[in-house]
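A short worksheet on the structure shown next.
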Amino acid sequence: LNDTLFAEAELEDTDTVYLWLGANVMLSYKIPAAITLLTSKLEAAQTSLDHTVEDLEFLREQLTIMEVNTARVYNWDVKRRRERREREEASKGTQ
(Lines give C-alpha, C1' and ligand atoms only; values in the text may rest on other atoms or scores of the structure.)
Protein backbone atom coordinates (compact mmCIF):
# COMPACT_ATOMS: atom_id res chain seq x y z
CA LEU A 1 0.00 0.00 0.00
CA ASN A 2 2.73 2.41 0.95
CA ASP A 3 6.51 2.37 1.32
CA THR A 4 6.29 3.78 4.84
CA LEU A 5 3.93 1.15 6.22
CA PHE A 6 5.35 -1.67 8.28
CA ALA A 7 3.62 -4.70 9.68
CA GLU A 8 4.58 -8.04 11.18
CA ALA A 9 2.72 -11.21 10.38
CA GLU A 10 2.97 -14.95 10.64
CA LEU A 11 2.36 -16.72 7.34
CA GLU A 12 1.77 -20.28 6.37
CA ASP A 13 4.32 -21.88 4.07
CA THR A 14 3.50 -20.95 0.52
CA ASP A 15 5.05 -21.31 -2.90
CA THR A 16 3.29 -18.27 -4.36
CA VAL A 17 3.94 -14.57 -3.99
CA TYR A 18 2.02 -11.61 -5.34
CA LEU A 19 3.94 -8.82 -7.02
CA TRP A 20 2.55 -5.36 -7.54
CA LEU A 21 3.45 -4.40 -11.12
CA GLY A 22 1.87 -0.96 -11.08
CA ALA A 23 -1.09 0.54 -12.93
CA ASN A 24 -3.42 -1.38 -10.61
CA VAL A 25 -1.93 -4.71 -11.70
CA MET A 26 -0.91 -7.42 -9.28
CA LEU A 27 0.07 -10.90 -10.41
CA SER A 28 0.82 -14.10 -8.58
CA TYR A 29 4.13 -15.82 -9.25
CA LYS A 30 5.73 -19.00 -8.02
CA ILE A 31 8.70 -18.08 -5.83
CA PRO A 32 11.45 -19.13 -8.31
CA ALA A 33 9.73 -17.20 -11.13
CA ALA A 34 9.34 -14.15 -8.87
CA ILE A 35 13.01 -14.28 -7.90
CA THR A 36 13.98 -14.50 -11.58
CA LEU A 37 11.71 -11.57 -12.49
CA LEU A 38 12.91 -9.38 -9.63
CA THR A 39 16.55 -10.22 -10.35
CA SER A 40 16.16 -9.22 -13.99
CA LYS A 41 14.42 -5.99 -12.98
CA LEU A 42 17.21 -5.23 -10.50
CA GLU A 43 19.87 -5.80 -13.16
CA ALA A 44 18.00 -3.56 -15.62
CA ALA A 45 17.68 -0.84 -12.95
CA GLN A 46 21.40 -1.09 -12.13
CA THR A 47 22.31 -0.81 -15.81
CA SER A 48 20.04 2.22 -16.16
CA LEU A 49 21.62 3.80 -13.08
CA ASP A 50 25.12 3.22 -14.48
CA HIS A 51 24.16 4.87 -17.78
CA THR A 52 22.60 7.80 -15.94
CA VAL A 53 25.75 8.31 -13.85
CA GLU A 54 27.86 8.28 -17.04
CA ASP A 55 25.54 10.83 -18.63
CA LEU A 56 25.76 13.08 -15.56
CA GLU A 57 29.56 12.90 -15.59
CA PHE A 58 29.55 13.85 -19.28
CA LEU A 59 27.21 16.78 -18.61
CA ARG A 60 29.39 18.01 -15.73
CA GLU A 61 32.41 17.93 -18.02
CA GLN A 62 30.54 19.79 -20.76
CA LEU A 63 29.35 22.38 -18.24
CA THR A 64 32.92 23.01 -17.13
CA ILE A 65 34.08 23.36 -20.74
CA MET A 66 31.23 25.79 -21.45
CA GLU A 67 32.10 27.91 -18.41
CA VAL A 68 35.77 28.06 -19.42
CA ASN A 69 34.86 29.05 -22.99
CA THR A 70 32.43 31.70 -21.75
CA ALA A 71 35.18 33.18 -19.57
CA ARG A 72 37.58 33.18 -22.52
CA VAL A 73 35.09 35.00 -24.75
CA TYR A 74 34.40 37.52 -22.00
CA ASN A 75 38.11 38.15 -21.48
CA TRP A 76 38.65 38.48 -25.24
CA ASP A 77 35.85 41.08 -25.39
CA VAL A 78 37.31 43.03 -22.47
CA LYS A 79 40.71 43.06 -24.18
CA ARG A 80 39.15 44.11 -27.52
CA ARG A 81 37.26 47.00 -25.88
CA ARG A 82 40.36 48.14 -24.02
CA GLU A 83 42.42 48.13 -27.22
CA ARG A 84 39.68 50.03 -29.10
CA ARG A 85 39.43 52.61 -26.32
CA GLU A 86 43.23 53.06 -26.29
CA ARG A 87 43.27 53.53 -30.08
CA GLU A 88 40.47 56.10 -29.87
CA GLU A 89 42.27 57.97 -27.10
CA ALA A 90 45.53 57.86 -29.06
CA SER A 91 43.83 59.17 -32.23
CA LYS A 92 42.17 62.01 -30.24
CA GLY A 93 45.52 62.90 -28.71
CA THR A 94 47.28 63.24 -32.08
CA GLN A 95 44.62 65.49 -33.59
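We label chains A, B, ... in the order they appear in the C-alpha coordinates, count residues from 1 in each chain, and number ligands from 1 in the order shown.
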
Going by DSSP on the backbone, which residues of region 1-83 of chain A come out as alpha helix (DSSP H)? List them as a PyMOL selection string. chain A and resi 31-83

Once you have the residues from the selection above, write them out as a short mmCIF file (atom, residue, chain, number, x, y, z; two decimals), in the first residue's frame, restricted to N, CA and C atoms.
data_model
loop_
_atom_site.label_atom_id
_atom_site.label_comp_id
_atom_site.auth_asym_id
_atom_site.auth_seq_id
_atom_site.Cartn_x
_atom_site.Cartn_y
_atom_site.Cartn_z
N ILE A 31 7.54 -18.74 -6.41
CA ILE A 31 8.70 -18.08 -5.83
C ILE A 31 9.91 -18.07 -6.76
N PRO A 32 10.28 -19.20 -7.41
CA PRO A 32 11.45 -19.13 -8.31
C PRO A 32 11.23 -18.16 -9.48
N ALA A 33 10.02 -18.12 -10.03
CA ALA A 33 9.73 -17.20 -11.13
C ALA A 33 9.78 -15.75 -10.64
N ALA A 34 9.31 -15.50 -9.43
CA ALA A 34 9.34 -14.15 -8.87
C ALA A 34 10.78 -13.70 -8.63
N ILE A 35 11.61 -14.62 -8.12
CA ILE A 35 13.01 -14.28 -7.90
C ILE A 35 13.69 -13.95 -9.23
N THR A 36 13.41 -14.75 -10.25
CA THR A 36 13.98 -14.50 -11.58
C THR A 36 13.54 -13.14 -12.11
N LEU A 37 12.25 -12.85 -12.01
CA LEU A 37 11.71 -11.57 -12.49
C LEU A 37 12.33 -10.39 -11.74
N LEU A 38 12.37 -10.48 -10.42
CA LEU A 38 12.91 -9.38 -9.63
C LEU A 38 14.41 -9.20 -9.86
N THR A 39 15.13 -10.30 -10.06
CA THR A 39 16.55 -10.22 -10.35
C THR A 39 16.79 -9.52 -11.68
N SER A 40 16.00 -9.87 -12.68
CA SER A 40 16.16 -9.22 -13.99
C SER A 40 15.81 -7.74 -13.91
N LYS A 41 14.78 -7.40 -13.15
CA LYS A 41 14.42 -5.99 -12.98
C LYS A 41 15.51 -5.23 -12.24
N LEU A 42 16.12 -5.86 -11.25
CA LEU A 42 17.21 -5.23 -10.50
C LEU A 42 18.41 -4.99 -11.41
N GLU A 43 18.75 -5.96 -12.24
CA GLU A 43 19.87 -5.80 -13.16
C GLU A 43 19.59 -4.68 -14.16
N ALA A 44 18.37 -4.62 -14.67
CA ALA A 44 18.00 -3.56 -15.62
C ALA A 44 18.08 -2.19 -14.94
N ALA A 45 17.62 -2.11 -13.69
CA ALA A 45 17.68 -0.84 -12.95
C ALA A 45 19.12 -0.43 -12.69
N GLN A 46 19.99 -1.40 -12.37
CA GLN A 46 21.40 -1.09 -12.13
C GLN A 46 22.07 -0.60 -13.40
N THR A 47 21.76 -1.24 -14.53
CA THR A 47 22.31 -0.81 -15.81
C THR A 47 21.85 0.61 -16.14
N SER A 48 20.58 0.88 -15.91
CA SER A 48 20.04 2.22 -16.16
C SER A 48 20.71 3.25 -15.26
N LEU A 49 20.94 2.89 -14.01
CA LEU A 49 21.62 3.80 -13.08
C LEU A 49 23.05 4.07 -13.55
N ASP A 50 23.75 3.04 -13.99
CA ASP A 50 25.12 3.22 -14.48
C ASP A 50 25.15 4.16 -15.68
N HIS A 51 24.22 3.99 -16.62
CA HIS A 51 24.16 4.87 -17.78
C HIS A 51 23.84 6.31 -17.37
N THR A 52 22.96 6.46 -16.41
CA THR A 52 22.60 7.80 -15.94
C THR A 52 23.79 8.49 -15.28
N VAL A 53 24.56 7.74 -14.49
CA VAL A 53 25.75 8.31 -13.85
C VAL A 53 26.76 8.74 -14.91
N GLU A 54 26.95 7.91 -15.95
CA GLU A 54 27.86 8.28 -17.04
C GLU A 54 27.38 9.55 -17.73
N ASP A 55 26.09 9.64 -17.98
CA ASP A 55 25.54 10.83 -18.63
C ASP A 55 25.74 12.07 -17.76
N LEU A 56 25.56 11.94 -16.46
CA LEU A 56 25.76 13.08 -15.56
C LEU A 56 27.22 13.52 -15.54
N GLU A 57 28.14 12.56 -15.56
CA GLU A 57 29.56 12.90 -15.59
C GLU A 57 29.89 13.64 -16.89
N PHE A 58 29.33 13.18 -18.01
CA PHE A 58 29.55 13.85 -19.28
C PHE A 58 29.01 15.27 -19.24
N LEU A 59 27.80 15.44 -18.68
CA LEU A 59 27.21 16.78 -18.61
C LEU A 59 28.02 17.70 -17.71
N ARG A 60 28.55 17.18 -16.60
CA ARG A 60 29.39 18.01 -15.73
C ARG A 60 30.63 18.48 -16.48
N GLU A 61 31.23 17.57 -17.24
CA GLU A 61 32.41 17.93 -18.02
C GLU A 61 32.08 18.98 -19.07
N GLN A 62 30.95 18.82 -19.74
CA GLN A 62 30.54 19.79 -20.76
C GLN A 62 30.22 21.14 -20.13
N LEU A 63 29.64 21.13 -18.95
CA LEU A 63 29.35 22.38 -18.24
C LEU A 63 30.64 23.12 -17.91
N THR A 64 31.64 22.39 -17.44
CA THR A 64 32.92 23.01 -17.13
C THR A 64 33.55 23.61 -18.38
N ILE A 65 33.51 22.86 -19.48
CA ILE A 65 34.08 23.36 -20.74
C ILE A 65 33.34 24.62 -21.19
N MET A 66 32.01 24.62 -21.06
CA MET A 66 31.23 25.79 -21.45
C MET A 66 31.59 27.01 -20.60
N GLU A 67 31.75 26.80 -19.30
CA GLU A 67 32.10 27.91 -18.41
C GLU A 67 33.47 28.47 -18.75
N VAL A 68 34.43 27.61 -19.04
CA VAL A 68 35.77 28.06 -19.42
C VAL A 68 35.70 28.86 -20.72
N ASN A 69 34.97 28.34 -21.71
CA ASN A 69 34.86 29.05 -22.99
C ASN A 69 34.15 30.39 -22.84
N THR A 70 33.13 30.44 -22.00
CA THR A 70 32.43 31.70 -21.75
C THR A 70 33.39 32.72 -21.13
N ALA A 71 34.20 32.28 -20.19
CA ALA A 71 35.18 33.18 -19.57
C ALA A 71 36.19 33.66 -20.60
N ARG A 72 36.62 32.78 -21.49
CA ARG A 72 37.58 33.18 -22.52
C ARG A 72 36.98 34.22 -23.46
N VAL A 73 35.74 34.03 -23.86
CA VAL A 73 35.09 35.00 -24.75
C VAL A 73 34.92 36.33 -24.04
N TYR A 74 34.54 36.29 -22.77
CA TYR A 74 34.40 37.52 -22.00
C TYR A 74 35.73 38.26 -21.92
N ASN A 75 36.79 37.52 -21.59
CA ASN A 75 38.11 38.15 -21.48
C ASN A 75 38.57 38.70 -22.83
N TRP A 76 38.29 37.98 -23.90
CA TRP A 76 38.65 38.48 -25.24
C TRP A 76 37.93 39.78 -25.52
N ASP A 77 36.63 39.87 -25.16
CA ASP A 77 35.85 41.08 -25.39
C ASP A 77 36.39 42.24 -24.56
N VAL A 78 36.74 41.97 -23.32
CA VAL A 78 37.31 43.03 -22.47
C VAL A 78 38.59 43.55 -23.09
N LYS A 79 39.46 42.65 -23.55
CA LYS A 79 40.71 43.06 -24.18
C LYS A 79 40.45 43.86 -25.46
N ARG A 80 39.48 43.40 -26.27
CA ARG A 80 39.15 44.11 -27.52
C ARG A 80 38.63 45.50 -27.22
N ARG A 81 37.77 45.67 -26.24
CA ARG A 81 37.26 47.00 -25.88
C ARG A 81 38.37 47.90 -25.37
N ARG A 82 39.25 47.34 -24.55
CA ARG A 82 40.36 48.14 -24.02
C ARG A 82 41.25 48.63 -25.16
N GLU A 83 41.58 47.74 -26.09
CA GLU A 83 42.42 48.13 -27.22
C GLU A 83 41.73 49.19 -28.08
#

Between CA of Asp3 (chain A) and CA of Trp20 (chain A) - distance in Å to one decimal: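 Going from CA of Trp20 (chain A) over to CA of Asp3 (chain A) covers 12.4 Å.
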
Could you please write out, as an mmCIF file with N, CA and C atoms, in the first residue's frame, every residue of chain A that DSSP assigns to strand (DSSP E or B)?
data_model
loop_
_atom_site.group_PDB
_atom_site.id
_atom_site.type_symbol
_atom_site.label_atom_id
_atom_site.label_comp_id
_atom_site.auth_asym_id
_atom_site.auth_seq_id
_atom_site.Cartn_x
_atom_site.Cartn_y
_atom_site.Cartn_z
ATOM 1 N N THR A 16 3.784 -19.327 -3.484
ATOM 2 C CA THR A 16 3.292 -18.272 -4.364
ATOM 3 C C THR A 16 3.462 -16.918 -3.679
ATOM 4 N N VAL A 17 3.880 -15.947 -4.478
ATOM 5 C CA VAL A 17 3.938 -14.572 -3.994
ATOM 6 C C VAL A 17 3.175 -13.697 -4.977
ATOM 7 N N TYR A 18 2.740 -12.559 -4.504
ATOM 8 C CA TYR A 18 2.020 -11.605 -5.344
ATOM 9 C C TYR A 18 2.887 -10.361 -5.500
ATOM 10 N N LEU A 19 3.124 -9.987 -6.745
ATOM 11 C CA LEU A 19 3.942 -8.816 -7.021
ATOM 12 C C LEU A 19 3.081 -7.718 -7.617
ATOM 13 N N TRP A 20 3.245 -6.532 -7.035
ATOM 14 C CA TRP A 20 2.545 -5.355 -7.537
ATOM 15 C C TRP A 20 3.335 -4.825 -8.719
ATOM 16 N N LEU A 21 2.764 -4.825 -9.905
ATOM 17 C CA LEU A 21 3.452 -4.404 -11.115
ATOM 18 C C LEU A 21 3.167 -2.949 -11.461
ATOM 19 N N GLY A 22 2.228 -2.345 -10.801
ATOM 20 C CA GLY A 22 1.875 -0.963 -11.081
ATOM 21 C C GLY A 22 0.640 -0.892 -11.956
ATOM 22 N N VAL A 25 -2.132 -3.323 -11.258
ATOM 23 C CA VAL A 25 -1.932 -4.705 -11.700
ATOM 24 C C VAL A 25 -1.105 -5.439 -10.657
ATOM 25 N N MET A 26 -1.633 -6.554 -10.196
ATOM 26 C CA MET A 26 -0.910 -7.419 -9.276
ATOM 27 C C MET A 26 -1.043 -8.838 -9.810
ATOM 28 N N LEU A 27 0.085 -9.536 -9.890
ATOM 29 C CA LEU A 27 0.072 -10.900 -10.413
ATOM 30 C C LEU A 27 0.685 -11.848 -9.403
ATOM 31 N N SER A 28 0.229 -13.081 -9.455
ATOM 32 C CA SER A 28 0.817 -14.099 -8.583
ATOM 33 C C SER A 28 1.903 -14.838 -9.358
ATOM 34 N N TYR A 29 2.997 -15.115 -8.678
ATOM 35 C CA TYR A 29 4.131 -15.824 -9.251
ATOM 36 C C TYR A 29 4.552 -16.934 -8.294
ATOM 37 N N LYS A 30 5.055 -18.008 -8.838
ATOM 38 C CA LYS A 30 5.733 -19.000 -8.017
ATOM 39 C C LYS A 30 7.039 -18.355 -7.554
#
